$ cat upload.tsv   # TSV, C-alpha atoms
chain	number	residue	atom	x	y	z
T	1183	MET	CA	56.77	-48.57	-17.40
T	1184	SER	CA	55.75	-44.93	-17.24
T	1185	LYS	CA	53.70	-45.30	-20.42
T	1186	LYS	CA	51.75	-48.22	-18.97
T	1187	SER	CA	51.14	-46.33	-15.75
T	1188	GLY	CA	49.93	-43.30	-17.68
T	1189	LYS	CA	47.59	-45.45	-19.73
T	1190	LYS	CA	46.12	-47.12	-16.65
T	1191	PHE	CA	45.61	-43.74	-15.02
T	1192	LYS	CA	43.80	-42.47	-18.10
T	1193	ILE	CA	41.53	-45.51	-18.23
T	1194	ARG	CA	40.76	-45.14	-14.52
T	1195	TRP	CA	39.65	-41.52	-14.93
T	1196	SER	CA	37.59	-42.45	-17.98
T	1197	LEU	CA	35.87	-45.16	-15.96
T	1198	ILE	CA	35.20	-42.76	-13.09
T	1199	PHE	CA	33.71	-40.22	-15.52
T	1200	ASN	CA	31.44	-42.86	-17.07
T	1201	VAL	CA	30.29	-44.07	-13.66
T	1202	ILE	CA	29.47	-40.47	-12.64
T	1203	ILE	CA	27.44	-39.93	-15.83
T	1204	LEU	CA	25.59	-43.23	-15.36
T	1205	GLY	CA	24.91	-42.31	-11.75
T	1206	LEU	CA	23.60	-38.88	-12.76
T	1207	THR	CA	21.39	-40.44	-15.42
T	1208	ALA	CA	19.97	-43.00	-13.00
T	1209	PHE	CA	19.34	-40.29	-10.40
T	1210	LEU	CA	17.50	-38.10	-12.90
T	1211	ILE	CA	15.30	-40.97	-14.09
T	1212	LEU	CA	14.40	-41.97	-10.53
T	1213	TYR	CA	13.79	-38.34	-9.61
T	1214	PHE	CA	11.36	-37.74	-12.49
T	1215	VAL	CA	9.57	-41.02	-11.77
T	1216	PHE	CA	9.23	-41.02	-7.96
T	1217	SER	CA	9.57	-37.41	-6.75
T	1218	GLU	CA	6.59	-35.24	-5.91
T	1219	GLY	CA	4.78	-34.38	-9.13
T	1220	GLY	CA	6.67	-37.13	-10.94
T	1221	PHE	CA	5.47	-39.87	-13.24
T	1222	VAL	CA	4.00	-41.97	-10.40
T	1223	ASP	CA	1.96	-39.00	-9.16
T	1224	LEU	CA	0.81	-38.35	-12.72
T	1225	ILE	CA	-0.53	-41.90	-13.01
T	1226	ASN	CA	-2.23	-41.67	-9.61
T	1227	SER	CA	-3.80	-38.33	-10.53
T	1228	GLY	CA	-6.12	-40.04	-12.99
T	1229	LEU	CA	-5.11	-37.71	-15.84
T	1230	LYS	CA	-5.92	-39.34	-19.16
T	1231	ILE	CA	-2.91	-39.51	-21.47
T	1232	ASN	CA	-3.49	-39.58	-25.22
T	1233	VAL	CA	-1.21	-42.46	-26.17
T	1234	VAL	CA	-1.63	-41.70	-29.88
T	1235	TRP	CA	0.37	-38.49	-29.45
T	1236	ILE	CA	3.13	-40.43	-27.64
T	1237	PHE	CA	3.42	-42.70	-30.68
T	1238	ILE	CA	3.46	-39.63	-32.93
T	1239	ALA	CA	6.31	-38.22	-30.81
T	1240	ILE	CA	8.24	-41.47	-31.29
T	1241	PHE	CA	7.47	-41.42	-35.01
T	1242	VAL	CA	8.72	-37.85	-35.56
T	1243	HIS	CA	11.94	-38.67	-33.71
T	1244	LEU	CA	12.46	-41.78	-35.83
T	1245	THR	CA	11.83	-39.54	-38.84
T	1246	ASN	CA	14.66	-37.32	-37.60
T	1247	ILE	CA	16.99	-40.35	-37.48
T	1248	ALA	CA	15.87	-41.58	-40.91
T	1249	LEU	CA	16.49	-38.15	-42.46
T	1250	ASP	CA	19.95	-38.07	-40.88
T	1251	MET	CA	20.70	-41.32	-42.72
T	1252	THR	CA	19.30	-39.82	-45.93
T	1253	VAL	CA	21.56	-36.77	-45.78
T	1254	ILE	CA	24.62	-38.96	-45.17
T	1255	TYR	CA	23.67	-41.13	-48.14
T	1256	LEU	CA	23.21	-38.13	-50.46
T	1257	PHE	CA	26.57	-36.62	-49.53
T	1258	MET	CA	28.47	-39.91	-49.71
T	1259	LYS	CA	26.86	-41.03	-52.98
T	1260	GLU	CA	28.22	-37.95	-54.78
T	1261	ASN	CA	31.85	-39.09	-54.62
T	1262	CYS	CA	31.45	-42.72	-53.65
T	1263	PRO	CA	29.52	-44.94	-56.12
T	1264	GLU	CA	29.85	-47.97	-53.81
T	1265	MET	CA	27.82	-46.20	-51.13
T	1266	THR	CA	24.55	-47.97	-50.21
T	1267	LEU	CA	21.61	-47.15	-47.97
T	1268	TYR	CA	22.71	-49.93	-45.61
T	1269	LYS	CA	26.14	-48.32	-45.18
T	1270	ALA	CA	24.52	-44.93	-44.66
T	1271	PHE	CA	22.24	-46.52	-42.05
T	1272	ILE	CA	25.18	-47.98	-40.12
T	1273	CYS	CA	27.06	-44.67	-40.38
T	1274	SER	CA	24.04	-42.77	-39.04
T	1275	MET	CA	23.45	-45.23	-36.18
T	1276	THR	CA	27.11	-45.07	-35.21
T	1277	GLY	CA	27.12	-41.28	-35.23
T	1278	GLN	CA	23.88	-41.02	-33.26
T	1279	PHE	CA	25.15	-43.42	-30.59
T	1280	PHE	CA	28.59	-41.90	-30.06
T	1281	CYS	CA	27.28	-38.34	-30.19
T	1282	ALA	CA	24.91	-39.32	-27.37
T	1283	VAL	CA	27.48	-40.99	-25.11
T	1284	THR	CA	30.48	-38.68	-25.52
T	1285	PRO	CA	30.99	-35.16	-24.09
T	1286	SER	CA	29.80	-32.42	-26.48
T	1287	ALA	CA	29.05	-35.14	-29.07
T	1288	THR	CA	32.76	-35.30	-29.97
T	1289	GLY	CA	32.87	-39.05	-30.60
T	1290	GLY	CA	30.33	-39.21	-33.40
T	1291	GLN	CA	32.33	-38.29	-36.49
T	1292	PRO	CA	35.57	-40.19	-35.68
T	1293	MET	CA	33.61	-43.38	-35.11
T	1294	GLN	CA	31.59	-42.82	-38.28
T	1295	ILE	CA	34.84	-42.54	-40.24
T	1296	LEU	CA	36.09	-45.76	-38.69
T	1297	SER	CA	32.78	-47.49	-39.35
T	1298	MET	CA	32.85	-46.51	-43.01
T	1299	SER	CA	36.49	-47.52	-43.43
T	1300	ARG	CA	35.62	-51.02	-42.24
T	1301	MET	CA	32.98	-51.20	-44.96
T	1302	GLY	CA	35.45	-50.25	-47.65
T	1303	ILE	CA	34.90	-46.48	-47.82
T	1304	ARG	CA	38.09	-44.43	-47.77
T	1305	PRO	CA	38.36	-42.16	-44.69
T	1306	ALA	CA	39.04	-39.11	-46.88
T	1307	LYS	CA	35.69	-39.51	-48.66
T	1308	THR	CA	33.77	-40.01	-45.43
T	1309	THR	CA	35.51	-37.04	-43.81
T	1310	ALA	CA	34.60	-34.75	-46.73
T	1311	ALA	CA	30.96	-35.87	-46.64
T	1312	LEU	CA	30.69	-35.44	-42.87
T	1313	ILE	CA	32.23	-31.97	-43.05
T	1314	GLN	CA	29.64	-30.99	-45.65
T	1315	LYS	CA	26.87	-32.43	-43.49
T	1316	PHE	CA	28.22	-30.57	-40.44
T	1317	LEU	CA	28.22	-27.28	-42.35
T	1318	VAL	CA	24.63	-27.73	-43.51
T	1319	TRP	CA	23.44	-28.78	-40.04
T	1320	GLN	CA	25.13	-25.86	-38.25
T	1321	PHE	CA	23.90	-23.26	-40.73
T	1322	THR	CA	20.36	-24.63	-40.41
T	1323	LEU	CA	20.52	-24.84	-36.62
T	1324	ALA	CA	21.90	-21.33	-36.26
T	1325	THR	CA	19.18	-19.99	-38.56
T	1326	VAL	CA	16.48	-21.70	-36.49
T	1327	CYS	CA	17.98	-20.38	-33.23
T	1328	ILE	CA	18.19	-16.83	-34.59
T	1329	ILE	CA	14.55	-16.98	-35.71
T	1330	ALA	CA	13.53	-18.29	-32.26
T	1331	VAL	CA	15.44	-15.54	-30.45
T	1332	VAL	CA	14.11	-12.74	-32.64
T	1333	ALA	CA	10.53	-14.04	-32.66
T	1334	ARG	CA	9.99	-15.11	-29.07
T	1335	PHE	CA	12.70	-13.71	-26.78
T	1336	GLY	CA	10.31	-11.22	-25.20
T	1337	PHE	CA	7.93	-14.04	-24.28
T	1338	PHE	CA	10.52	-16.41	-22.81
T	1339	ALA	CA	12.50	-13.67	-21.08
T	1340	GLN	CA	9.76	-13.21	-18.47
T	1341	PHE	CA	10.39	-16.75	-17.20
T	1342	LEU	CA	14.19	-16.53	-17.02
T	1343	ASP	CA	16.20	-16.06	-13.85
T	1344	PRO	CA	19.53	-14.16	-14.13
T	1345	PRO	CA	21.68	-17.30	-14.73
T	1346	MET	CA	19.38	-18.42	-17.55
T	1347	TRP	CA	19.44	-14.91	-19.02
T	1348	VAL	CA	23.22	-15.13	-19.17
T	1349	ALA	CA	23.19	-18.69	-20.51
T	1350	SER	CA	20.65	-17.77	-23.21
T	1351	ILE	CA	22.70	-14.79	-24.34
T	1352	ILE	CA	25.91	-16.85	-24.36
T	1353	GLY	CA	24.20	-19.63	-26.29
T	1354	PHE	CA	22.88	-17.17	-28.86
T	1355	LEU	CA	26.26	-15.45	-29.23
T	1356	ALA	CA	27.92	-18.87	-29.54
T	1357	GLN	CA	25.65	-19.69	-32.48
T	1358	ILE	CA	26.44	-16.36	-34.13
T	1359	ALA	CA	30.18	-16.82	-33.53
T	1360	LEU	CA	30.07	-20.33	-34.96
T	1361	ILE	CA	28.35	-19.09	-38.10
T	1362	VAL	CA	30.99	-16.36	-38.52
T	1363	VAL	CA	33.80	-18.90	-38.06
T	1364	LEU	CA	32.22	-21.33	-40.53
T	1365	LEU	CA	31.71	-18.57	-43.10
T	1366	LEU	CA	35.31	-17.43	-42.74
T	1367	ALA	CA	36.64	-21.01	-42.89
T	1368	SER	CA	34.45	-21.77	-45.90
T	1369	PHE	CA	34.94	-18.65	-48.00
T	1370	CYS	CA	37.98	-16.80	-46.66
T	1371	LYS	CA	40.65	-19.37	-45.85
T	1372	PRO	CA	43.71	-17.00	-45.99
T	1373	LEU	CA	42.24	-14.63	-43.38
T	1374	THR	CA	41.11	-17.52	-41.18
T	1375	THR	CA	44.53	-19.14	-41.41
T	1376	ARG	CA	46.32	-15.93	-40.40
T	1377	VAL	CA	44.02	-15.36	-37.41
T	1378	VAL	CA	44.22	-18.98	-36.21
T	1379	ASN	CA	48.00	-19.12	-36.63
T	1380	ALA	CA	48.42	-15.89	-34.66
T	1381	VAL	CA	46.23	-17.20	-31.83
T	1382	ILE	CA	48.05	-20.55	-31.67
T	1383	ARG	CA	51.50	-18.89	-31.67
T	1384	PHE	CA	50.34	-16.55	-28.88
T	1385	PHE	CA	49.18	-19.50	-26.76
T	1386	GLY	CA	52.46	-21.24	-27.60
T	1387	ARG	CA	54.48	-18.28	-26.29
T	1388	ILE	CA	52.61	-18.32	-22.98
T	1389	HIS	CA	53.03	-22.14	-22.80
T	1390	ILE	CA	49.36	-23.05	-22.99
T	1391	ILE	CA	49.84	-24.96	-26.28
T	1392	LYS	CA	52.78	-27.30	-26.78
T	1393	ASN	CA	54.35	-27.67	-30.25
T	1394	PRO	CA	52.40	-24.77	-31.81
T	1395	GLU	CA	53.86	-25.34	-35.28
T	1396	GLU	CA	52.58	-28.91	-35.35
T	1397	LYS	CA	49.18	-27.68	-34.21
T	1398	ILE	CA	49.21	-25.02	-36.96
T	1399	THR	CA	49.90	-27.67	-39.61
T	1400	SER	CA	47.07	-29.86	-38.32
T	1401	ILE	CA	44.55	-27.02	-38.19
T	1402	ASP	CA	45.59	-25.79	-41.64
T	1403	GLU	CA	44.75	-29.23	-43.04
T	1404	THR	CA	41.35	-29.07	-41.34
T	1405	LEU	CA	40.66	-25.57	-42.69
T	1406	THR	CA	41.63	-26.74	-46.16
T	1407	SER	CA	39.14	-29.61	-45.88
T	1408	PHE	CA	36.42	-27.20	-44.73
T	1409	HIS	CA	37.16	-24.81	-47.56
T	1410	ASP	CA	37.30	-27.50	-50.26
T	1411	SER	CA	34.18	-29.27	-48.97
T	1412	ASN	CA	32.14	-26.08	-48.95
T	1413	LYS	CA	33.41	-25.11	-52.42
T	1414	ASN	CA	32.43	-28.50	-53.80
T	1415	LEU	CA	29.05	-28.35	-52.11
T	1416	ASN	CA	28.26	-24.90	-53.52
T	1417	LYS	CA	29.02	-26.12	-57.02
T	1418	ASN	CA	26.19	-28.64	-56.84
T	1419	LYS	CA	23.11	-26.43	-56.44
T	1420	PRO	CA	20.47	-29.21	-56.76
T	1421	LEU	CA	22.19	-31.23	-54.02
T	1422	LEU	CA	22.61	-28.10	-51.89
T	1423	ILE	CA	18.90	-27.27	-52.05
T	1424	LYS	CA	17.93	-30.87	-51.38
T	1425	VAL	CA	20.11	-31.37	-48.30
T	1426	TYR	CA	19.17	-28.02	-46.76
T	1427	ALA	CA	15.48	-28.84	-47.23
T	1428	ILE	CA	15.87	-32.32	-45.74
T	1429	THR	CA	17.94	-30.98	-42.84
T	1430	ALA	CA	15.30	-28.34	-42.08
T	1431	VAL	CA	12.59	-31.04	-42.00
T	1432	GLN	CA	14.87	-33.22	-39.85
T	1433	MET	CA	15.36	-30.41	-37.34
T	1434	VAL	CA	11.66	-29.61	-37.20
T	1435	SER	CA	10.94	-33.32	-36.63
T	1436	PHE	CA	13.27	-33.38	-33.65
T	1437	PHE	CA	11.91	-30.11	-32.28
T	1438	LEU	CA	8.30	-31.37	-32.58
T	1439	VAL	CA	8.69	-34.01	-29.87
T	1440	PRO	CA	7.80	-31.66	-26.93
T	1441	TYR	CA	4.73	-30.44	-28.83
T	1442	CYS	CA	3.52	-34.02	-29.28
T	1443	ILE	CA	4.12	-34.74	-25.59
T	1444	ALA	CA	2.12	-31.64	-24.63
T	1445	ARG	CA	-0.75	-32.79	-26.83
T	1446	SER	CA	-0.60	-36.23	-25.20
T	1447	PHE	CA	-1.39	-34.46	-21.91
T	1448	ASN	CA	-4.29	-32.69	-23.64
T	1449	ILE	CA	-2.51	-29.34	-23.43
T	1450	ASP	CA	-3.54	-26.87	-26.12
T	1451	CYS	CA	-0.42	-25.05	-27.34
T	1452	ASN	CA	0.97	-23.16	-30.31
T	1453	VAL	CA	3.27	-25.36	-32.40
T	1454	PHE	CA	5.53	-22.45	-33.42
T	1455	ASP	CA	6.05	-21.42	-29.79
T	1456	MET	CA	6.92	-25.01	-28.89
T	1457	LEU	CA	9.46	-25.19	-31.72
T	1458	CYS	CA	11.02	-21.94	-30.50
T	1459	ALA	CA	11.15	-23.23	-26.93
T	1460	GLN	CA	12.97	-26.37	-28.09
T	1461	ALA	CA	15.43	-24.19	-30.00
T	1462	TYR	CA	16.17	-22.33	-26.75
T	1463	VAL	CA	16.63	-25.60	-24.86
T	1464	ASN	CA	19.04	-26.86	-27.51
T	1465	MET	CA	20.90	-23.55	-27.65
T	1466	VAL	CA	21.54	-23.38	-23.90
T	1467	SER	CA	22.01	-27.05	-22.98
T	1468	CYS	CA	24.67	-27.57	-25.67
T	1469	LEU	CA	26.95	-25.26	-23.66
T	1470	VAL	CA	27.34	-28.00	-21.04
T	1471	PRO	CA	30.16	-30.41	-22.06
T	1472	LEU	CA	28.48	-33.58	-20.79
T	1473	PRO	CA	27.06	-36.48	-22.82
T	1474	GLY	CA	23.62	-35.40	-23.98
T	1475	GLY	CA	23.90	-32.26	-21.87
T	1476	SER	CA	22.79	-34.40	-18.91
T	1477	GLY	CA	21.21	-32.32	-16.19
T	1478	ALA	CA	21.33	-29.11	-18.20
T	1479	ALA	CA	18.91	-30.39	-20.85
T	1480	GLU	CA	16.34	-31.39	-18.23
T	1481	TYR	CA	16.71	-28.08	-16.37
T	1482	CYS	CA	16.39	-26.01	-19.55
T	1483	PHE	CA	13.31	-27.96	-20.61
T	1484	GLY	CA	11.70	-27.19	-17.26
T	1485	ILE	CA	12.47	-23.49	-17.66
T	1486	PHE	CA	11.41	-22.95	-21.27
T	1487	PHE	CA	8.44	-25.32	-21.28
T	1488	GLY	CA	7.34	-24.62	-17.72
T	1489	SER	CA	4.62	-22.21	-18.82
T	1490	TYR	CA	2.99	-24.84	-21.03
T	1491	PHE	CA	2.89	-27.79	-18.63
T	1492	THR	CA	1.28	-27.97	-15.21
T	1493	PRO	CA	3.14	-28.89	-11.98
T	1494	ILE	CA	1.70	-32.41	-12.25
T	1495	THR	CA	2.82	-32.89	-15.88
T	1496	ILE	CA	6.16	-31.06	-16.26
T	1497	LYS	CA	8.38	-33.76	-14.70
T	1498	SER	CA	6.67	-36.51	-16.67
T	1499	ALA	CA	7.02	-34.43	-19.83
T	1500	ILE	CA	10.77	-34.10	-19.21
T	1501	LEU	CA	11.04	-37.86	-18.60
T	1502	LEU	CA	9.13	-38.71	-21.79
T	1503	TRP	CA	11.11	-36.19	-23.84
T	1504	ARG	CA	14.48	-37.53	-22.68
T	1505	THR	CA	13.35	-41.14	-23.01
T	1506	ILE	CA	12.29	-40.62	-26.62
T	1507	THR	CA	15.04	-38.32	-27.82
T	1508	TYR	CA	18.04	-39.42	-25.74
T	1509	TYR	CA	17.76	-42.70	-23.83
T	1510	GLY	CA	15.68	-44.21	-26.63
T	1511	THR	CA	18.23	-43.11	-29.21
T	1512	ILE	CA	21.01	-44.84	-27.29
T	1513	ILE	CA	18.99	-48.05	-27.00
T	1514	ILE	CA	18.02	-48.07	-30.69
T	1515	THR	CA	21.46	-47.26	-32.07
T	1516	ALA	CA	23.68	-49.22	-29.66
T	1517	PRO	CA	23.30	-52.66	-31.32
T	1518	PHE	CA	24.43	-51.26	-34.68
T	1519	ALA	CA	27.12	-48.93	-33.34
T	1520	MET	CA	28.71	-51.46	-31.02
T	1521	LEU	CA	29.36	-53.80	-33.94
T	1522	LYS	CA	31.70	-51.12	-35.23
T	1523	SER	CA	33.38	-50.01	-32.00
T	1524	LYS	CA	35.60	-52.86	-30.81
T	1525	LYS	CA	38.92	-51.15	-31.56
T	1526	THR	CA	40.67	-48.85	-29.15
T	1527	GLU	CA	41.64	-45.23	-29.79
T	1528	GLU	CA	45.11	-46.36	-30.86
T	1529	SER	CA	43.58	-48.67	-33.46
T	1530	LEU	CA	41.36	-45.84	-34.71
T	1531	GLU	CA	44.34	-43.54	-35.22
T	1532	GLU	CA	46.28	-46.31	-36.96
T	1533	GLU	CA	43.43	-47.12	-39.32
T	1534	LEU	CA	42.77	-43.51	-40.25
T	1535	SER	CA	46.43	-42.61	-40.76

$ encode --input "upload.tsv" --output "structure tokens"
Amino acid sequence: MSKKSGKKFKIRWSLIFNVIILGLTAFLILYFVFSEGGFVDLINSGLKINVVWIFIAIFVHLTNIALDMTVIYLFMKENCPEMTLYKAFICSMTGQFFCAVTPSATGGQPMQILSMSRMGIRPAKTTAALIQKFLVWQFTLATVCIIAVVARFGFFAQFLDPPMWVASIIGFLAQIALIVVLLLASFCKPLTTRVVNAVIRFFGRIHIIKNPEEKITSIDETLTSFHDSNKNLNKNKPLLIKVYAITAVQMVSFFLVPYCIARSFNIDCNVFDMLCAQAYVNMVSCLVPLPGGSGAAEYCFGIFFGSYFTPITIKSAILLWRTITYYGTIIITAPFAMLKSKKTEESLEEELS
């Protein structure tokens, strides 16, 4: 009886959370459409919009999604001869959808593993490929963020209020810390294991973590997977070069969307500065543990791109950017992802065990 009650309570809170997120999303869309300086005012202003650049923005974002599928295919094909482009496509669509609708993008990889297992790919192979992809993506993203901070911090700093200063510094340090952790986990497993075990046992002693020994065993298995995946990836230099190059192009494609939107409003801007601004937006908004960084992403865009857009175009630019890169992604990927998401969490754990 208590188990059923607990389950119902959990479902109720999950529903409340989803309703809040949907409400926030609806509010933001209505705000950017109907508020002063919003999309309606932009249309009434008579400003001519270059629709060609809007289509280019959509194209570069679709390129980002296509390259995501390509990287998955390349990693999976190495150890899985039965892998096909169709399976990689479904895996990518599933990951894109669940990363968009879950807090901090935590639902993407588990659902990709489930999706692949239903198509006959062993979870262990999918997990190894996704770990490799994660490593490449994070190293590339951190590199881009570091370049953006070093190259343009002085320029963007003049527009930042104290909270954004703090958030920018935390976001930058978080990227650096993540790189250090990934390097240690990839190349120095014994040291990483000792540090992690000590931290977990400490939290166990102060009763923050229950069953610390079980948690240590679980994390040790994860670290082993990270270490083995990175070792295998480094052995294959041609593949390593190829996936890093594709991932870099994929990231640039995603970061180019604001530039294309600016050009659609006939705003003359430097493409490198726009790429750096998008890196800042990504770096700060990812600190907010909400699906798609809702609210934070829009606010950060307004801060870092505010000097490029005018008061009559900034809200519409935010709306177009989120529609193309976030809401549009959900709409495009949902039909494919939902075909693979009918099982509950309990079924997922059972299938992957």

$ closest_atom_pairs --input "upload.tsv" --of "region 1277-1392 of chain T" --to "region 1411-1425 of chain T" --cutoff "8 Å" --atoms "all atoms listed in the file" --output "Markdown table"
| residue | atom | partner | partner_atom | distance |
| --- | --- | --- | --- | --- |
| T:Ala1310 | CA | T:Ser1411 | CA | 5.9 |
| T:Ala1311 | CA | T:Ser1411 | CA | 7.7 |
| T:Ile1313 | CA | T:Ser1411 | CA | 6.8 |
| T:Gln1314 | CA | T:Ser1411 | CA | 5.9 |
| T:Leu1317 | CA | T:Asn1412 | CA | 7.8 |
| T:Val1318 | CA | T:Val1425 | CA | 7.5 |
| T:Ser1368 | CA | T:Asn1412 | CA | 5.8 |
| T:Phe1369 | CA | T:Lys1413 | CA | 8.0 |

$ atom_distance --input "upload.tsv" --atom1 "CA of Met1251 (chain T)" --atom2 "CA of Ala1270 (chain T)"
5.6 Å

$ closest_residue --input "upload.tsv" --among "T:Leu1457, T:Ile1272, T:Val1283, T:Ile1382" --to "Ile1512 (chain T)" --atoms "all atoms listed in the file"
T:Val1283

$ closest_residue --input "upload.tsv" --among "T:Glu1480, T:Met1346, T:Asp1223, T:Phe1279" --to "Thr1515 (chain T)" --atoms "only C-alpha atoms"
T:Phe1279

$ atom_distance --input "upload.tsv" --atom1 "CA of Phe1486 (chain T)" --atom2 "CA of Leu1342 (chain T)"
8.2 Å

$ closest_residue --input "upload.tsv" --among "T:Ile1225, T:Val1363, T:Val1463, T:Ala1478" --to "Leu1206 (chain T)" --atoms "only C-alpha atoms"
T:Ala1478

$ residues_around --input "upload.tsv" --residues "Gln1278 (chain T)" --least-positions-apart "6" --cutoff "12 Å" --atoms "all atoms listed in the file" --output "ChimeraX atom specification"
/T:1244,1246-1248,1250-1251,1271-1272,1284,1287-1294,1473-1474,1507-1520

$ write_last_selection --input "upload.tsv" --atoms "C-alpha atoms" --output "PDB file, in the coordinates of the input"
ATOM      1  CA  LEU T1244      12.460 -41.780 -35.830  1.00  0.00           C
ATOM      2  CA  ASN T1246      14.660 -37.320 -37.600  1.00  0.00           C
ATOM      3  CA  ILE T1247      16.990 -40.350 -37.480  1.00  0.00           C
ATOM      4  CA  ALA T1248      15.870 -41.580 -40.910  1.00  0.00           C
ATOM      5  CA  ASP T1250      19.950 -38.070 -40.880  1.00  0.00           C
ATOM      6  CA  MET T1251      20.700 -41.320 -42.720  1.00  0.00           C
ATOM      7  CA  PHE T1271      22.240 -46.520 -42.050  1.00  0.00           C
ATOM      8  CA  ILE T1272      25.180 -47.980 -40.120  1.00  0.00           C
ATOM      9  CA  THR T1284      30.480 -38.680 -25.520  1.00  0.00           C
ATOM     10  CA  ALA T1287      29.050 -35.140 -29.070  1.00  0.00           C
ATOM     11  CA  THR T1288      32.760 -35.300 -29.970  1.00  0.00           C
ATOM     12  CA  GLY T1289      32.870 -39.050 -30.600  1.00  0.00           C
ATOM     13  CA  GLY T1290      30.330 -39.210 -33.400  1.00  0.00           C
ATOM     14  CA  GLN T1291      32.330 -38.290 -36.490  1.00  0.00           C
ATOM     15  CA  PRO T1292      35.570 -40.190 -35.680  1.00  0.00           C
ATOM     16  CA  MET T1293      33.610 -43.380 -35.110  1.00  0.00           C
ATOM     17  CA  GLN T1294      31.590 -42.820 -38.280  1.00  0.00           C
ATOM     18  CA  PRO T1473      27.060 -36.480 -22.820  1.00  0.00           C
ATOM     19  CA  GLY T1474      23.620 -35.400 -23.980  1.00  0.00           C
ATOM     20  CA  THR T1507      15.040 -38.320 -27.820  1.00  0.00           C
ATOM     21  CA  TYR T1508      18.040 -39.420 -25.740  1.00  0.00           C
ATOM     22  CA  TYR T1509      17.760 -42.700 -23.830  1.00  0.00           C
ATOM     23  CA  GLY T1510      15.680 -44.210 -26.630  1.00  0.00           C
ATOM     24  CA  THR T1511      18.230 -43.110 -29.210  1.00  0.00           C
ATOM     25  CA  ILE T1512      21.010 -44.840 -27.290  1.00  0.00           C
ATOM     26  CA  ILE T1513      18.990 -48.050 -27.000  1.00  0.00           C
ATOM     27  CA  ILE T1514      18.020 -48.070 -30.690  1.00  0.00           C
ATOM     28  CA  THR T1515      21.460 -47.260 -32.070  1.00  0.00           C
ATOM     29  CA  ALA T1516      23.680 -49.220 -29.660  1.00  0.00           C
ATOM     30  CA  PRO T1517      23.300 -52.660 -31.320  1.00  0.00           C
ATOM     31  CA  PHE T1518      24.430 -51.260 -34.680  1.00  0.00           C
ATOM     32  CA  ALA T1519      27.120 -48.930 -33.340  1.00  0.00           C
ATOM     33  CA  MET T1520      28.710 -51.460 -31.020  1.00  0.00           C
TER      34      MET T1520
END

$ closest_residue --input "upload.tsv" --among "T:Phe1447, T:Phe1321, T:Phe1483, T:Tyr1441" --to "Leu1224 (chain T)" --atoms "only C-alpha atoms"
T:Phe1447

$ residues_around --input "upload.tsv" --residues "Ala1356 (chain T)" --least-positions-apart "4" --cutoff "10 Å" --atoms "only C-alpha atoms" --output "mmCIF file with C-alpha atoms, in the coordinates of the input"
data_model
loop_
_atom_site.group_PDB
_atom_site.id
_atom_site.type_symbol
_atom_site.label_atom_id
_atom_site.label_comp_id
_atom_site.auth_asym_id
_atom_site.auth_seq_id
_atom_site.Cartn_x
_atom_site.Cartn_y
_atom_site.Cartn_z
ATOM 1 C CA ALA T 1324 21.900 -21.330 -36.260
ATOM 2 C CA SER T 1350 20.650 -17.770 -23.210
ATOM 3 C CA ILE T 1351 22.700 -14.790 -24.340
ATOM 4 C CA ILE T 1352 25.910 -16.850 -24.360
ATOM 5 C CA LEU T 1360 30.070 -20.330 -34.960
ATOM 6 C CA ILE T 1361 28.350 -19.090 -38.100
ATOM 7 C CA VAL T 1362 30.990 -16.360 -38.520
ATOM 8 C CA MET T 1465 20.900 -23.550 -27.650
ATOM 9 C CA VAL T 1466 21.540 -23.380 -23.900
ATOM 10 C CA LEU T 1469 26.950 -25.260 -23.660
#

$ atom_distance --input "upload.tsv" --atom1 "CA of Ala1430 (chain T)" --atom2 "CA of Val1233 (chain T)"
26.9 Å

$ closest_residue --input "upload.tsv" --among "T:Ile1303, T:Ile1203, T:Cys1458, T:Ala1239" --to "Leu1323 (chain T)" --atoms "all atoms listed in the file"
T:Cys1458

$ closest_residue --input "upload.tsv" --among "T:Gly1302, T:Gly1484, T:Gly1353, T:Gly1205" --to "Leu1501 (chain T)" --atoms "all atoms listed in the file"
T:Gly1484

$ residues_near_point --input "upload.tsv" --point "(52.3, -25.9, -39.1)" --cutoff "12 Å" --atoms "all atoms listed in the file" --output "PyMOL selection string"
chain T and resi 1375-1376+1378-1380+1382-1383+1393-1404

$ build_atoms --input "upload.tsv" --residues "region 1260-1266 of chain T" --atoms "N, CA and C atoms" --output "CSV table (one decimal), in the frame of the given file"
chain,number,residue,atom,x,y,z
T,1260,GLU,N,27.7,-38.9,-53.8
T,1260,GLU,CA,28.2,-38.0,-54.8
T,1260,GLU,C,29.6,-38.4,-55.2
T,1261,ASN,N,30.5,-38.8,-54.3
T,1261,ASN,CA,31.8,-39.1,-54.6
T,1261,ASN,C,32.2,-40.5,-54.3
T,1262,CYS,N,31.2,-41.3,-54.0
T,1262,CYS,CA,31.4,-42.7,-53.6
T,1262,CYS,C,30.4,-43.6,-54.2
T,1263,PRO,N,30.5,-44.1,-55.5
T,1263,PRO,CA,29.5,-44.9,-56.1
T,1263,PRO,C,29.2,-46.2,-55.3
T,1264,GLU,N,30.1,-46.7,-54.5
T,1264,GLU,CA,29.8,-48.0,-53.8
T,1264,GLU,C,29.0,-47.7,-52.6
T,1265,MET,N,28.6,-46.5,-52.3
T,1265,MET,CA,27.8,-46.2,-51.1
T,1265,MET,C,26.4,-46.8,-51.3
T,1266,THR,N,25.9,-47.4,-50.2
T,1266,THR,CA,24.6,-48.0,-50.2
T,1266,THR,C,23.8,-47.4,-49.0
